[in-house]
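**Student:** Contents are mmCIF, C-alpha atoms; file name final_26.cif:
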```cif
data_entry
loop_
_atom_site.label_atom_id
_atom_site.label_comp_id
_atom_site.auth_asym_id
_atom_site.auth_seq_id
_atom_site.Cartn_x
_atom_site.Cartn_y
_atom_site.Cartn_z
CA MET N 27 111.99 9.72 117.87
CA SER N 28 109.72 8.12 120.47
CA SER N 29 106.60 6.01 120.09
CA HIS N 30 103.51 7.95 119.07
CA LEU N 31 101.83 6.33 122.08
CA ASN N 32 104.23 8.41 124.17
CA PRO N 33 105.55 11.09 121.81
CA CYS N 34 108.42 13.43 122.42
CA ILE N 35 107.75 17.13 121.91
CA ALA N 36 110.53 19.69 122.02
CA MET N 37 109.52 23.19 123.03
CA VAL N 38 111.19 26.58 123.39
CA ALA N 39 109.53 29.25 125.52
CA GLY N 40 111.98 32.10 125.70
CA GLU N 41 110.44 34.37 128.33
CA ALA N 42 107.96 34.52 131.21
CA SER N 43 104.88 34.99 129.01
CA GLY N 44 105.79 31.95 126.91
CA ASP N 45 106.36 29.91 130.06
CA LEU N 46 102.87 30.86 131.23
CA LEU N 47 101.22 30.05 127.88
CA ALA N 48 102.97 26.70 127.60
CA SER N 49 102.08 25.77 131.18
CA LEU N 50 98.40 26.27 130.39
CA VAL N 51 98.39 23.78 127.50
CA ILE N 52 100.89 21.17 128.74
CA PRO N 53 98.26 19.47 130.97
CA GLY N 54 96.09 18.82 127.89
CA LEU N 55 99.00 17.12 126.12
CA GLN N 56 99.77 15.06 129.23
CA SER N 57 96.12 14.03 129.50
CA LEU N 58 96.18 12.66 125.96
CA TRP N 59 99.63 11.09 126.31
CA PRO N 60 100.42 10.36 129.99
CA GLY N 61 103.94 9.26 129.08
CA ILE N 62 104.75 12.24 126.85
CA ALA N 63 108.30 13.61 126.94
CA LEU N 64 108.56 17.42 126.96
CA GLN N 65 111.98 18.99 126.66
CA GLY N 66 113.95 21.97 125.42
CA ILE N 67 113.97 25.48 126.87
CA GLY N 68 111.32 26.58 129.34
CA GLY N 69 110.59 28.32 132.60
CA PRO N 70 109.62 27.42 136.17
CA ARG N 71 105.92 26.90 135.45
CA MET N 72 106.73 24.38 132.72
CA GLU N 73 109.30 22.64 134.92
CA LYS N 74 106.72 22.17 137.69
CA LEU N 75 104.67 20.20 135.15
CA GLY N 76 107.58 17.87 134.38
CA PHE N 77 109.16 19.76 131.47
CA ASP N 78 112.87 18.96 131.08
CA ALA N 79 114.56 22.34 130.64
CA TRP N 80 118.00 21.98 129.09
CA TRP N 81 118.69 25.71 129.31
CA PRO N 82 117.03 28.35 131.51
CA GLN N 83 114.67 30.57 129.56
CA GLU N 84 116.32 33.71 130.99
CA LYS N 85 119.13 33.17 128.49
CA LEU N 86 116.72 34.11 125.69
CA ALA N 87 114.77 36.85 127.48
CA VAL N 88 116.32 39.77 125.64
CA ARG N 89 114.36 42.43 123.77
CA GLY N 90 115.46 45.21 121.43
CA TYR N 91 118.01 45.23 118.64
CA VAL N 92 120.90 46.64 120.65
CA GLU N 93 120.30 44.25 123.54
CA VAL N 94 120.10 41.24 121.22
CA LEU N 95 123.40 42.25 119.60
CA ARG N 96 125.07 42.24 123.01
CA HIS N 97 123.93 38.66 123.62
CA TYR N 98 124.02 37.51 119.99
CA ARG N 99 126.91 35.08 120.33
CA GLU N 100 125.45 33.37 123.39
CA ILE N 101 121.94 33.14 121.93
CA THR N 102 123.08 31.77 118.58
CA GLY N 103 125.34 29.34 120.43
CA ILE N 104 122.38 28.01 122.39
CA ARG N 105 120.28 27.70 119.22
CA LYS N 106 123.06 25.79 117.45
CA ALA N 107 123.61 23.47 120.41
CA LEU N 108 119.88 22.83 120.74
CA TYR N 109 119.57 22.12 117.03
CA HIS N 110 122.32 19.48 117.12
CA ARG N 111 120.95 17.94 120.30
CA LEU N 112 117.51 17.60 118.70
CA LEU N 113 118.99 16.04 115.56
CA LYS N 114 120.69 13.35 117.63
CA THR N 115 117.35 12.23 119.08
CA PRO N 116 114.69 13.82 116.85
CA PRO N 117 111.41 14.72 118.56
CA ASP N 118 108.04 13.93 117.03
CA LEU N 119 107.35 17.66 116.95
CA PHE N 120 109.04 20.95 117.68
CA MET N 121 106.81 23.67 119.11
CA GLY N 122 108.09 27.21 119.34
CA VAL N 123 106.17 29.15 121.99
CA ASP N 124 106.27 32.82 121.03
CA ALA N 125 109.93 34.11 120.87
CA PRO N 126 109.71 34.19 117.03
CA ASP N 127 113.19 35.57 116.37
CA PHE N 128 114.74 32.53 118.04
CA ASN N 129 112.12 29.93 117.17
CA LEU N 130 111.52 30.61 113.48
CA ASP N 131 115.21 30.19 112.64
CA LEU N 132 115.33 26.97 114.65
CA SER N 133 112.08 25.71 113.12
CA PHE N 134 113.38 26.45 109.62
CA SER N 135 116.47 24.29 110.22
CA LEU N 136 114.54 21.47 111.88
CA LYS N 137 111.86 21.41 109.19
CA ARG N 138 114.54 20.96 106.52
CA GLN N 139 115.63 17.86 108.44
CA GLY N 140 112.12 16.39 108.31
CA ILE N 141 110.98 17.36 111.81
CA SER N 142 107.42 18.68 112.06
CA THR N 143 107.15 22.22 113.45
CA ILE N 144 104.44 24.33 115.06
CA GLN N 145 104.58 27.95 116.13
CA PHE N 146 102.35 28.62 119.13
CA VAL N 147 101.57 32.36 119.07
CA CYS N 148 101.53 34.04 115.69
CA PRO N 149 104.30 36.61 115.28
CA SER N 150 102.65 40.02 115.23
CA VAL N 151 103.09 40.54 111.49
CA TRP N 152 99.85 42.55 111.55
CA ALA N 153 101.49 45.12 113.82
CA TRP N 154 105.08 45.32 112.65
CA ARG N 155 107.74 43.45 110.59
CA ALA N 156 105.33 42.14 107.96
CA GLU N 157 108.33 40.73 106.09
CA ARG N 158 108.32 37.79 108.51
CA ILE N 159 105.32 36.27 106.68
CA ALA N 160 107.64 34.56 104.21
CA LYS N 161 109.83 33.25 107.03
CA ILE N 162 106.80 31.79 108.81
CA ARG N 163 105.67 29.99 105.64
CA GLU N 164 109.14 28.47 105.15
CA SER N 165 109.67 27.52 108.80
CA VAL N 166 106.52 25.97 110.25
CA ASP N 167 103.87 23.43 109.32
CA HIS N 168 101.17 25.10 111.40
CA VAL N 169 100.58 28.24 113.45
CA LEU N 170 98.40 28.23 116.57
CA CYS N 171 96.88 31.70 116.84
CA LEU N 172 95.71 33.49 119.97
CA PHE N 173 93.51 36.02 118.19
CA PRO N 174 90.61 35.42 115.76
CA PHE N 175 91.80 37.78 113.02
CA GLU N 176 95.15 36.00 112.59
CA PRO N 177 94.25 32.73 110.77
CA PRO N 178 92.56 34.47 107.80
CA LEU N 179 95.65 36.64 107.37
CA LEU N 180 97.97 33.63 107.45
CA HIS N 181 95.68 31.58 105.17
CA SER N 182 95.87 34.34 102.57
CA HIS N 183 99.63 33.76 102.46
CA GLY N 184 99.37 29.97 102.23
CA ILE N 185 100.13 29.26 105.89
CA ALA N 186 98.09 26.66 107.80
CA ALA N 187 96.75 28.15 111.02
CA THR N 188 94.16 27.53 113.73
CA TYR N 189 92.54 29.97 116.14
CA VAL N 190 92.89 28.43 119.61
CA GLY N 191 91.88 31.42 121.70
CA HIS N 192 94.04 32.86 124.41
CA PRO N 193 94.58 30.40 127.28
CA LEU N 194 94.70 33.28 129.74
CA ALA N 195 91.09 34.12 128.88
CA SER N 196 89.99 30.74 130.23
CA ALA N 197 92.41 30.79 133.16
CA ILE N 198 91.32 34.23 134.41
CA PRO N 199 87.75 34.53 135.76
CA LEU N 200 85.36 36.93 134.05
CA GLN N 201 84.74 38.54 137.43
CA PRO N 202 88.13 39.34 139.00
CA PRO N 203 88.48 38.09 142.61
CA ARG N 204 89.33 41.55 143.98
CA SER N 205 88.27 40.97 147.58
CA ASP N 206 90.30 37.78 147.83
CA ALA N 207 93.32 39.48 146.26
CA LEU N 208 93.14 42.44 148.64
CA LYS N 209 92.80 40.07 151.59
CA SER N 210 95.78 37.97 150.53
CA LEU N 211 97.88 41.13 150.26
CA GLY N 212 96.62 42.53 153.54
CA LEU N 213 95.27 45.63 151.83
CA GLN N 214 91.55 45.59 152.67
CA ASN N 215 91.77 48.99 154.34
CA LYS N 216 93.92 50.79 151.77
CA HIS N 217 92.33 53.65 149.89
CA LYS N 218 93.90 52.90 146.49
CA VAL N 219 96.00 50.09 145.01
CA ILE N 220 98.22 50.66 141.98
CA ALA N 221 100.02 47.79 140.24
CA LEU N 222 103.42 48.36 138.61
CA LEU N 223 104.42 45.85 135.92
CA PRO N 224 107.73 46.94 134.35
CA GLY N 225 108.27 43.79 132.28
CA SER N 226 109.91 40.42 132.79
CA ARG N 227 113.25 40.84 131.00
CA ALA N 228 116.22 42.42 132.74
CA SER N 229 116.68 44.96 129.93
CA GLU N 230 113.03 46.03 130.18
CA ILE N 231 113.07 46.32 133.94
CA ALA N 232 116.26 48.39 133.93
CA HIS N 233 114.70 50.95 131.56
CA ILE N 234 111.11 50.99 132.78
CA ALA N 235 111.09 50.30 136.52
CA PRO N 236 112.79 53.58 137.53
CA ARG N 237 110.16 55.55 135.60
CA PHE N 238 107.33 53.61 137.19
CA LEU N 239 108.79 54.11 140.67
CA SER N 240 109.19 57.85 140.11
CA ALA N 241 105.62 58.07 138.84
CA ALA N 242 104.42 56.11 141.88
CA LEU N 243 106.19 58.58 144.15
CA LEU N 244 104.25 61.43 142.51
CA LEU N 245 100.99 59.54 142.88
CA GLU N 246 101.69 58.89 146.56
CA LYS N 247 101.90 62.63 147.16
CA GLN N 248 98.48 63.02 145.55
CA TYR N 249 96.95 59.89 147.15
CA PRO N 250 98.82 59.31 150.45
CA ASP N 251 97.03 56.08 151.39
CA THR N 252 97.88 54.33 148.12
CA ALA N 253 99.60 50.94 148.12
CA PHE N 254 101.89 50.16 145.19
CA ILE N 255 102.31 46.51 144.22
CA LEU N 256 105.21 45.42 142.01
CA PRO N 257 105.12 41.72 141.05
CA VAL N 258 108.64 40.62 140.14
CA ALA N 259 109.23 38.11 137.34
CA PRO N 260 111.12 34.89 138.15
CA GLY N 261 114.84 35.50 138.64
CA GLN N 262 114.58 39.29 138.59
CA MET N 263 114.21 40.08 142.32
CA PRO N 264 117.91 41.05 142.84
CA LEU N 265 117.71 43.50 139.93
CA VAL N 266 114.46 45.05 141.16
CA GLN N 267 115.82 45.37 144.70
CA LYS N 268 118.93 47.07 143.34
CA ILE N 269 116.79 49.55 141.38
CA GLN N 270 114.65 50.11 144.46
CA ALA N 271 117.75 50.91 146.53
CA ARG N 272 119.06 53.39 143.96
CA HIS N 273 115.86 55.27 143.15
CA ALA N 274 113.36 57.22 145.20
CA HIS N 275 110.17 55.22 145.56
CA PRO N 276 106.90 55.36 147.51
CA ARG N 277 107.10 54.28 151.14
CA ASN N 278 104.22 51.83 150.70
CA LEU N 279 105.82 49.74 147.96
CA ILE N 280 105.27 45.97 148.09
CA LEU N 281 107.46 43.65 146.02
CA LEU N 282 105.87 40.32 145.21
CA SER N 283 107.67 37.24 143.94
CA GLY N 284 105.55 36.62 140.85
CA GLN N 285 101.84 36.90 141.67
CA SER N 286 101.11 39.37 138.87
CA HIS N 287 97.54 38.09 138.72
CA THR N 288 97.02 38.82 142.41
CA ALA N 289 98.37 42.33 141.90
CA LEU N 290 96.13 43.00 138.89
CA ALA N 291 93.05 41.57 140.60
CA ALA N 292 93.61 43.91 143.55
CA ALA N 293 94.52 47.05 141.60
CA ASP N 294 92.41 50.12 140.94
CA ALA N 295 94.77 50.94 138.05
CA ALA N 296 98.14 49.86 136.69
CA MET N 297 101.22 50.96 134.82
CA VAL N 298 102.14 48.12 132.47
CA ALA N 299 105.05 47.56 130.10
CA SER N 300 103.84 46.75 126.60
CA GLY N 301 103.55 43.01 126.09
CA THR N 302 101.43 40.09 127.26
CA ALA N 303 100.96 41.75 130.66
CA THR N 304 98.75 44.39 129.02
CA LEU N 305 96.35 41.65 127.93
CA GLU N 306 96.45 40.14 131.42
CA ALA N 307 95.53 43.54 132.86
CA ALA N 308 92.63 43.81 130.40
CA LEU N 309 91.37 40.34 131.37
CA PHE N 310 91.45 41.45 135.00
CA LYS N 311 89.40 44.52 133.92
CA CYS N 312 92.13 46.77 135.29
CA PRO N 313 92.36 50.34 133.91
CA MET N 314 95.93 50.82 132.78
CA VAL N 315 98.56 52.97 131.18
CA VAL N 316 100.66 51.09 128.62
CA SER N 317 104.27 52.21 128.50
CA TYR N 318 107.63 51.26 127.08
CA HIS N 319 111.16 52.59 126.99
CA MET N 320 114.30 51.18 125.39
CA PRO N 321 117.72 52.36 124.15
CA TRP N 322 117.47 55.12 121.56
CA LEU N 323 118.82 53.07 118.61
CA SER N 324 116.48 50.14 119.27
CA TRP N 325 113.55 52.54 119.40
CA GLN N 326 114.48 54.20 116.09
CA ILE N 327 114.65 50.81 114.37
CA MET N 328 111.43 49.44 115.85
CA ARG N 329 109.30 52.54 115.34
CA ASN N 330 110.01 52.44 111.60
CA LYS N 331 108.67 48.88 111.37
CA ARG N 332 105.29 49.58 112.99
CA LEU N 333 102.21 48.99 110.85
CA GLN N 334 99.53 50.20 113.29
CA PRO N 335 99.16 53.24 115.52
CA TRP N 336 98.87 51.04 118.64
CA VAL N 337 101.41 48.88 120.48
CA GLY N 338 99.37 47.71 123.50
CA LEU N 339 97.41 44.50 122.93
CA PRO N 340 94.14 45.88 124.38
CA ASN N 341 94.26 48.78 121.92
CA ILE N 342 95.21 46.55 119.01
CA LEU N 343 92.37 44.14 119.75
CA CYS N 344 89.87 46.97 120.20
CA GLN N 345 91.33 48.89 117.23
CA SER N 346 91.17 52.04 119.30
CA PHE N 347 93.09 53.85 122.04
CA VAL N 348 90.92 52.48 124.85
CA VAL N 349 93.89 52.95 127.19
CA PRO N 350 96.68 55.53 126.92
CA GLU N 351 100.09 54.60 125.55
CA LEU N 352 103.16 56.51 126.73
CA LEU N 353 106.21 55.36 124.82
CA GLN N 354 109.86 56.35 124.91
CA ASP N 355 110.20 60.12 125.54
CA GLN N 356 106.49 60.38 126.36
CA ALA N 357 106.98 57.94 129.24
CA SER N 358 107.99 60.57 131.78
CA PRO N 359 107.12 60.01 135.46
CA THR N 360 104.86 63.08 135.39
CA ALA N 361 102.93 61.88 132.32
CA LEU N 362 102.60 58.37 133.73
CA ALA N 363 101.30 59.66 137.05
CA GLN N 364 98.81 61.98 135.36
CA ALA N 365 97.48 59.16 133.16
CA VAL N 366 96.96 56.87 136.16
CA ALA N 367 95.33 59.68 138.14
CA THR N 368 92.86 60.20 135.29
CA TRP N 369 91.56 56.64 135.76
CA LEU N 370 91.23 57.21 139.51
CA GLU N 371 89.40 60.51 139.05
CA GLN N 372 87.01 59.32 136.33
CA PRO N 373 85.18 56.26 137.71
CA GLN N 374 82.53 56.36 134.98
CA ARG N 375 85.18 56.14 132.27
CA ALA N 376 86.86 53.30 134.17
CA ALA N 377 83.53 51.47 134.44
CA GLU N 378 82.99 51.78 130.66
CA LEU N 379 86.46 50.40 130.05
CA LYS N 380 85.77 47.41 132.28
CA LEU N 381 82.64 46.62 130.24
CA ARG N 382 84.68 46.72 127.02
CA PHE N 383 87.30 44.48 128.60
CA THR N 384 84.59 42.02 129.62
CA GLU N 385 83.42 41.84 125.99
CA LEU N 386 87.01 41.30 124.86
CA HIS N 387 87.46 38.59 127.47
CA GLN N 388 84.41 36.70 126.21
CA GLU N 389 85.66 36.93 122.62
CA LEU N 390 88.96 35.28 123.54
CA ILE N 391 87.58 32.36 125.56
CA GLN N 392 88.05 29.06 123.73
CA ASP N 393 88.90 25.52 124.85
CA THR N 394 92.52 26.39 124.12
CA SER N 395 94.15 23.38 125.71
CA ASN N 396 91.94 20.97 123.75
CA LEU N 397 92.34 22.90 120.47
CA VAL N 398 96.13 22.90 120.85
CA THR N 399 96.14 19.22 121.72
CA CYS N 400 94.00 18.36 118.66
CA ALA N 401 96.31 20.33 116.37
CA VAL N 402 99.38 18.62 117.84
CA LYS N 403 97.71 15.22 117.50
CA LYS N 404 97.14 15.79 113.77
CA ILE N 405 100.74 16.86 113.21
CA VAL N 406 102.18 13.97 115.21
CA GLY N 407 99.96 11.63 113.20
CA VAL N 408 98.05 9.76 115.88
#
```
Show how you would write the structure in this file as structure tokens.
**Tutor:**
Amino acid sequence: MSSHLNPCIAMVAGEASGDLLASLVIPGLQSLWPGIALQGIGGPRMEKLGFDAWWPQEKLAVRGYVEVLRHYREITGIRKALYHRLLKTPPDLFMGVDAPDFNLDLSFSLKRQGISTIQFVCPSVWAWRAERIAKIRESVDHVLCLFPFEPPLLHSHGIAATYVGHPLASAIPLQPPRSDALKSLGLQNKHKVIALLPGSRASEIAHIAPRFLSAALLLEKQYPDTAFILPVAPGQMPLVQKIQARHAHPRNLILLSGQSHTALAAADAAMVASGTATLEAALFKCPMVVSYHMPWLSWQIMRNKRLQPWVGLPNILCQSFVVPELLQDQASPTALAQAVATWLEQPQRAAELKLRFTELHQELIQDTSNLVTCAVKKIVGV
């Protein structure tokens, strides 16, 4: 355990969204403690800020029960190895960044050994798998919540929690820089721009990208001048290129290495896999269709654990179907294309949605980096 003047914080961010969230709060921690040591499992954004990644986050980026079972031995092996490595030189704090299935088990074990634990991003117990409430209470000392309704729920179950806002709300401007985005993509003269975000995990992309590409092909027939932008998550370009080669796709398809924010800022509408990207699209005021598809068995298990009628974050936060959701069998290319076309053909409805998204954006803006840093400071004991 290091000096509290230069504490050591272990972190695990198991996927691209966690890497992004962590990268937005790490500078605040480094400002308070210039000599802080940050280590564990993280992604490229965290590494650029000096994070010492012992394992690549792609090893944990698996979603769905069947997919997790396929990688179960490797994932549990990494968790066990990380646990023993942290016990050898205990950090001042362990912070799990999202990835609750991995992080809560690890936090539980570390907490029993006297290591303080924080979970950054409340598991969505309000949406599905409410039984995890007990696991959260046993595993972490504090939960840092992205949404304002979460702390009261956790407090009612005896769990310390703080609303820190969503760091993306502060990082993304209230007025999206559409002109700059179009210029950077060389698309100033295109009639329409559609963003395709099929997820960041390989298993997601394999199931969702072909549907999005087929839907884009249908849209291109209806709107010939449309440009389709597909931002590719770190490490997934070979997979996306393989899918592109195997499936029919629109002729004007642009693959970007990352740059999802540029794509969303430029887009007239988007197809987005359910997850953090749906919130990013909302913050960019981008009309969207939320979609998801997974192996049949995983879907049967997950659908029975849902507590709300919505899965997309914009709908959950607005408590209404402000954007359409096309899940599993409903996520046909024809249905996806029709839902996107509706946004393009109804500009007044799209304008109303953008106003609602602006209100949502303002609700989520907090000084997240400072609030996270203050919470960490209290736990570390400085």
**Student:** To one decimal place, how far is CA of Ser346 (chain N) from CA of Glu389 (chain N) in Å?
**Tutor:**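 Distance reported for this atom pair: 16.4 Å.
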**Student:** Env of region 154-171 of chain N: 10 Å cut, atoms = all atoms listed in the file, seq-sep filter 2 positions within chain, self excluded. Answer as number ranges by chain.
**Tutor:** N: 120-123, 126-127, 129-138, 141-152, 173-177, 179-180, 183-192, 328-334, 337, 394, 397-398, 401-402, 405
**Student:** For CA of Leu223 (chain N) and CA of Pro335 (chain N), determine how far apart the two atoms are, in Å to one decimal place.
**Tutor:**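 So the answer is 22.3 Å.
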**Student:** Tell me which of N:Ala274, N:Leu390, N:Met72, N:Ala36 sits closest to Leu343 (chain N), counting only C-alpha atoms.
**Tutor:**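 Counting only C-alpha atoms, the residue closest to Leu343 (chain N) is N:Leu390.
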**Student:** Enter the distance from CA of Pro202 (chain N) to CA of Leu353 (chain N), in Å, rounded to one decimal.
**Tutor:**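 CA of Leu353 (chain N) lies 28.0 Å from CA of Pro202 (chain N).
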**Student:** If the PyMOL selection byres ((chain N and resi 275) around 7) were run on this exact file, what residues would it hold? Put them as a CSV table (one decimal) with C-alpha atoms, in the coordinates of the input.
**Tutor:**
```csv
chain,number,residue,atom,x,y,z
N,239,LEU,CA,108.8,54.1,140.7
N,240,SER,CA,109.2,57.8,140.1
N,242,ALA,CA,104.4,56.1,141.9
N,243,LEU,CA,106.2,58.6,144.2
N,270,GLN,CA,114.6,50.1,144.5
N,273,HIS,CA,115.9,55.3,143.2
N,274,ALA,CA,113.4,57.2,145.2
N,276,PRO,CA,106.9,55.4,147.5
N,277,ARG,CA,107.1,54.3,151.1
```
**Student:** Do a neighbour search on region 78-82 of chain N at 12 Å with all atoms listed in the file, toss out local chain neighbours closer than 4 positions, and write the hits as JSON, numbers by chain.
**Tutor:** {"N": [34, 35, 36, 37, 38, 39, 40, 41, 42, 45, 62, 63, 64, 65, 66, 67, 68, 69, 70, 71, 72, 73, 74, 86, 87, 100, 101, 103, 104, 105, 107, 108, 111, 112, 260, 261]}
